[in-house]
file structure.cif (mmCIF, C-alpha atoms)
data_target
loop_
_atom_site.label_atom_id
_atom_site.label_comp_id
_atom_site.auth_asym_id
_atom_site.auth_seq_id
_atom_site.Cartn_x
_atom_site.Cartn_y
_atom_site.Cartn_z
CA MET O 640 -30.59 59.59 34.85
CA GLN O 641 -28.10 59.71 32.01
CA LEU O 642 -24.49 60.80 31.72
CA ASN O 643 -25.41 64.02 29.92
CA ASN O 644 -27.74 64.97 32.81
CA LEU O 645 -25.13 64.56 35.56
CA LYS O 646 -23.76 67.71 37.20
CA ASN O 647 -20.08 68.12 37.93
CA PRO O 648 -19.70 67.95 41.75
CA GLN O 649 -16.57 70.12 41.57
CA LYS O 650 -18.55 73.01 40.08
CA LYS O 651 -21.21 72.83 42.81
CA SER O 652 -21.98 76.33 44.15
CA LYS O 653 -21.38 76.90 47.86
CA LYS O 654 -24.27 77.00 50.31
CA ARG O 655 -25.47 80.62 50.73
CA VAL O 656 -27.16 80.88 54.12
CA GLY O 657 -29.41 83.62 55.48
CA ARG O 658 -30.78 84.67 52.08
CA GLY O 659 -34.48 84.09 52.68
CA ASN O 660 -36.62 81.05 53.44
CA GLY O 661 -37.15 80.31 49.75
CA SER O 662 -33.52 79.23 49.52
CA GLY O 663 -34.04 76.54 52.15
CA HIS O 664 -31.30 78.06 54.33
CA GLY O 665 -33.04 81.14 55.70
CA THR O 666 -34.14 82.21 59.23
CA TYR O 667 -31.74 80.10 61.34
CA SER O 668 -29.26 79.56 58.49
CA GLY O 669 -28.97 75.83 59.09
CA LYS O 670 -27.87 76.25 62.73
CA GLY O 671 -31.10 75.11 64.33
CA LEU O 672 -32.56 76.95 67.33
CA LYS O 673 -30.83 78.08 70.53
CA GLY O 674 -27.61 76.76 72.03
CA GLN O 675 -23.90 77.42 72.15
CA LYS O 676 -23.32 76.15 68.62
CA SER O 677 -25.93 78.48 67.12
CA ARG O 678 -24.31 81.68 68.46
CA SER O 679 -22.15 83.93 66.33
CA GLY O 680 -18.41 83.54 66.72
CA PHE O 681 -18.67 79.97 67.96
CA SER O 682 -15.67 77.81 67.15
CA LEU O 683 -15.16 74.31 68.47
CA ILE O 684 -11.80 73.63 70.13
CA PRO O 685 -10.14 70.66 68.41
CA GLY O 686 -10.44 67.61 70.65
CA PHE O 687 -13.14 69.17 72.87
CA GLU O 688 -15.29 66.43 74.41
CA GLY O 689 -17.98 68.46 76.17
CA GLY O 690 -16.07 69.15 79.39
CA GLN O 691 -14.72 65.62 79.77
CA LEU O 692 -10.91 65.45 79.97
CA ARG O 693 -9.63 65.44 76.42
CA LEU O 694 -7.97 62.29 75.12
CA ILE O 695 -4.83 64.22 74.18
CA LYS O 696 -4.51 65.42 77.79
CA LYS O 697 -4.79 61.83 79.04
CA LEU O 698 -2.14 60.56 76.63
CA SER O 699 0.21 63.55 76.82
CA LYS O 700 2.46 61.80 79.33
CA LEU O 701 3.22 58.90 76.95
CA LYS O 702 6.64 60.10 75.97
CA GLY O 703 9.16 58.87 73.46
CA PHE O 704 9.57 58.82 69.73
CA LYS O 705 9.06 56.24 67.00
CA ARG O 706 11.05 56.66 63.83
CA HIS O 707 8.53 56.35 61.00
CA ASN O 708 11.15 55.38 58.41
CA LYS O 709 12.96 52.86 60.60
CA ILE O 710 15.70 50.90 58.84
CA ILE O 711 14.92 47.19 59.15
CA ASN O 712 17.52 44.60 58.16
CA GLN O 713 16.39 41.68 56.05
CA HIS O 714 17.85 38.54 57.60
CA VAL O 715 19.30 35.72 55.51
CA THR O 716 20.74 32.62 57.18
CA LEU O 717 23.66 30.47 56.06
CA GLU O 718 21.16 27.63 55.65
CA GLN O 719 19.19 29.73 53.13
CA LEU O 720 22.37 30.52 51.19
CA ASN O 721 22.63 26.80 50.36
CA LEU O 722 19.57 27.24 48.10
CA ILE O 723 21.68 29.36 45.72
CA PRO O 724 24.03 27.42 43.39
CA SER O 725 27.73 27.70 44.24
CA ASN O 726 28.66 29.23 40.86
CA VAL O 727 26.34 32.24 41.48
CA ALA O 728 27.77 35.21 43.41
CA ILE O 729 25.78 36.07 46.50
CA ASN O 730 24.68 39.70 46.41
CA GLU O 731 21.41 41.62 46.91
CA GLU O 732 20.27 41.17 43.30
CA ASN O 733 20.74 37.38 43.33
CA LEU O 734 19.11 37.04 46.76
CA LEU O 735 16.09 38.90 45.40
CA LYS O 736 16.05 36.75 42.26
CA HIS O 737 16.03 33.55 44.35
CA GLY O 738 13.28 34.91 46.66
CA LEU O 739 15.34 35.13 49.85
CA ILE O 740 14.69 38.86 50.33
CA LYS O 741 11.71 41.07 49.47
CA SER O 742 13.44 44.23 48.21
CA ILE O 743 16.86 45.75 47.57
CA LYS O 744 15.90 49.00 49.34
CA ASN O 745 16.38 47.60 52.86
CA PRO O 746 19.83 46.37 53.95
CA VAL O 747 20.57 42.63 54.10
CA LYS O 748 22.30 40.89 57.01
CA ILE O 749 23.64 37.34 56.98
CA LEU O 750 23.13 35.43 60.24
CA ASN O 751 24.87 32.31 61.51
CA VAL O 752 22.06 29.73 61.40
CA GLY O 753 23.01 26.38 59.91
CA LYS O 754 26.14 25.66 57.85
CA LEU O 755 27.30 26.32 54.30
CA ASN O 756 27.52 23.12 52.23
CA SER O 757 29.65 24.53 49.41
CA LYS O 758 32.09 27.34 48.71
CA LYS O 759 30.40 30.64 47.91
CA HIS O 760 31.51 34.11 46.83
CA ILE O 761 29.69 36.57 49.10
CA SER O 762 29.56 40.33 48.51
CA ILE O 763 27.24 41.65 51.22
CA LYS O 764 28.23 44.35 53.74
CA ASN O 765 26.38 43.25 56.89
CA ILE O 766 27.47 39.85 58.17
CA SER O 767 27.36 38.84 61.83
CA ALA O 768 30.72 38.03 63.43
CA THR O 769 29.89 34.35 63.99
CA ALA O 770 28.53 34.02 60.44
CA LYS O 771 31.72 35.58 59.06
CA LYS O 772 33.79 33.01 60.98
CA SER O 773 31.63 30.12 59.66
CA ILE O 774 31.88 31.43 56.08
CA ILE O 775 35.67 31.65 56.23
CA ASP O 776 35.90 28.18 57.87
CA SER O 777 33.84 26.69 55.01
CA GLY O 778 36.38 28.03 52.47
CA SER O 779 34.07 30.70 51.05
CA THR O 780 35.25 34.21 50.21
CA ILE O 781 33.84 37.51 51.44
CA GLN O 782 34.28 40.57 49.26
CA SER O 783 34.29 43.73 51.39
CA ASP O 784 33.08 46.89 49.64
#
call {"tool": "encode", "arguments": {"input": "structure.cif", "output": "structure tokens"}}
result
Amino acid sequence: MQLNNLKNPQKKSKKRVGRGNGSGHGTYSGKGLKGQKSRSGFSLIPGFEGGQLRLIKKLSKLKGFKRHNKIINQHVTLEQLNLIPSNVAINEENLLKHGLIKSIKNPVKILNVGKLNSKKHISIKNISATAKKSIIDSGSTIQSD
């Protein structure tokens, strides 16, 4: 087998059934002998399990809805903010640069875990109420957009 002998699978001709036994798909046209599936006009109902109650019928009563593009906040604690130098402004770009968040696409929320050691300049929208109080008590500034 060599590359110049390979056939393009996209140009493969479709299977022509019922055109004589020499074609390899004659007589029963690839349907085998008797049975429901060999009859003309047969079409299988999606999810049919041979008379057994279909899975979709069993699960149909599981109600509710899950949002596939759910917005998930990325949490950053006050303790983690101490890893960033005090002269650097705290925003999404700098949090990403210092490895505290994974992406800028999802919103960031600051939570009140630990204490701030130095004064910081914070420009993030979502801050918990207790974290906001701790930030102001430490002498840091919050820039609201």
call {"tool": "resolve_selection", "arguments": {"input": "structure.cif", "expression": "the PyMOL selection byres ((chain O and resi 720) around 12)", "output": "number ranges by chain"}}
result
O: 714-719, 721-725, 727-731, 733-735, 737-740, 748-761, 770, 774, 779
call {"tool": "atom_distance", "arguments": {"input": "structure.cif", "atom1": "CA of Gly674 in chain O", "atom2": "CA of Val656 in chain O"}}
result
18.4 Å
call {"tool": "residues_around", "arguments": {"input": "structure.cif", "residues": "Ile684 in chain O", "least_positions_apart": "6", "cutoff": "12 Å", "atoms": "all atoms listed in the file", "output": "tab-separated table (two decimals) with C-alpha atoms, in the coordinates of the input"}}
result
chain	number	residue	atom	x	y	z
O	676	LYS	CA	-23.32	76.15	68.62
O	690	GLY	CA	-16.07	69.15	79.39
O	693	ARG	CA	-9.63	65.44	76.42
call {"tool": "atom_distance", "arguments": {"input": "structure.cif", "atom1": "CA of Tyr667 in chain O", "atom2": "CA of Arg655 in chain O"}}
result
12.3 Å
call {"tool": "closest_residue", "arguments": {"input": "structure.cif", "among": "O:Asn712, O:Ser699, O:Asn643, O:Gly686", "to": "Ile743 in chain O", "atoms": "all atoms listed in the file"}}
result
O:Asn712
call {"tool": "axis_aligned_box", "arguments": {"input": "structure.cif", "around": "range 778-781 of chain O", "padding_each_side": "5 Å", "output": "JSON"}}
result
{"center_x": 35.1, "center_y": 32.8, "center_z": 51.3, "size_x": 12.5, "size_y": 19.5, "size_z": 12.3}
call {"tool": "atom_distance", "arguments": {"input": "structure.cif", "atom1": "CA of Gln649 in chain O", "atom2": "CA of Ser677 in chain O"}}
result
28.5 Å
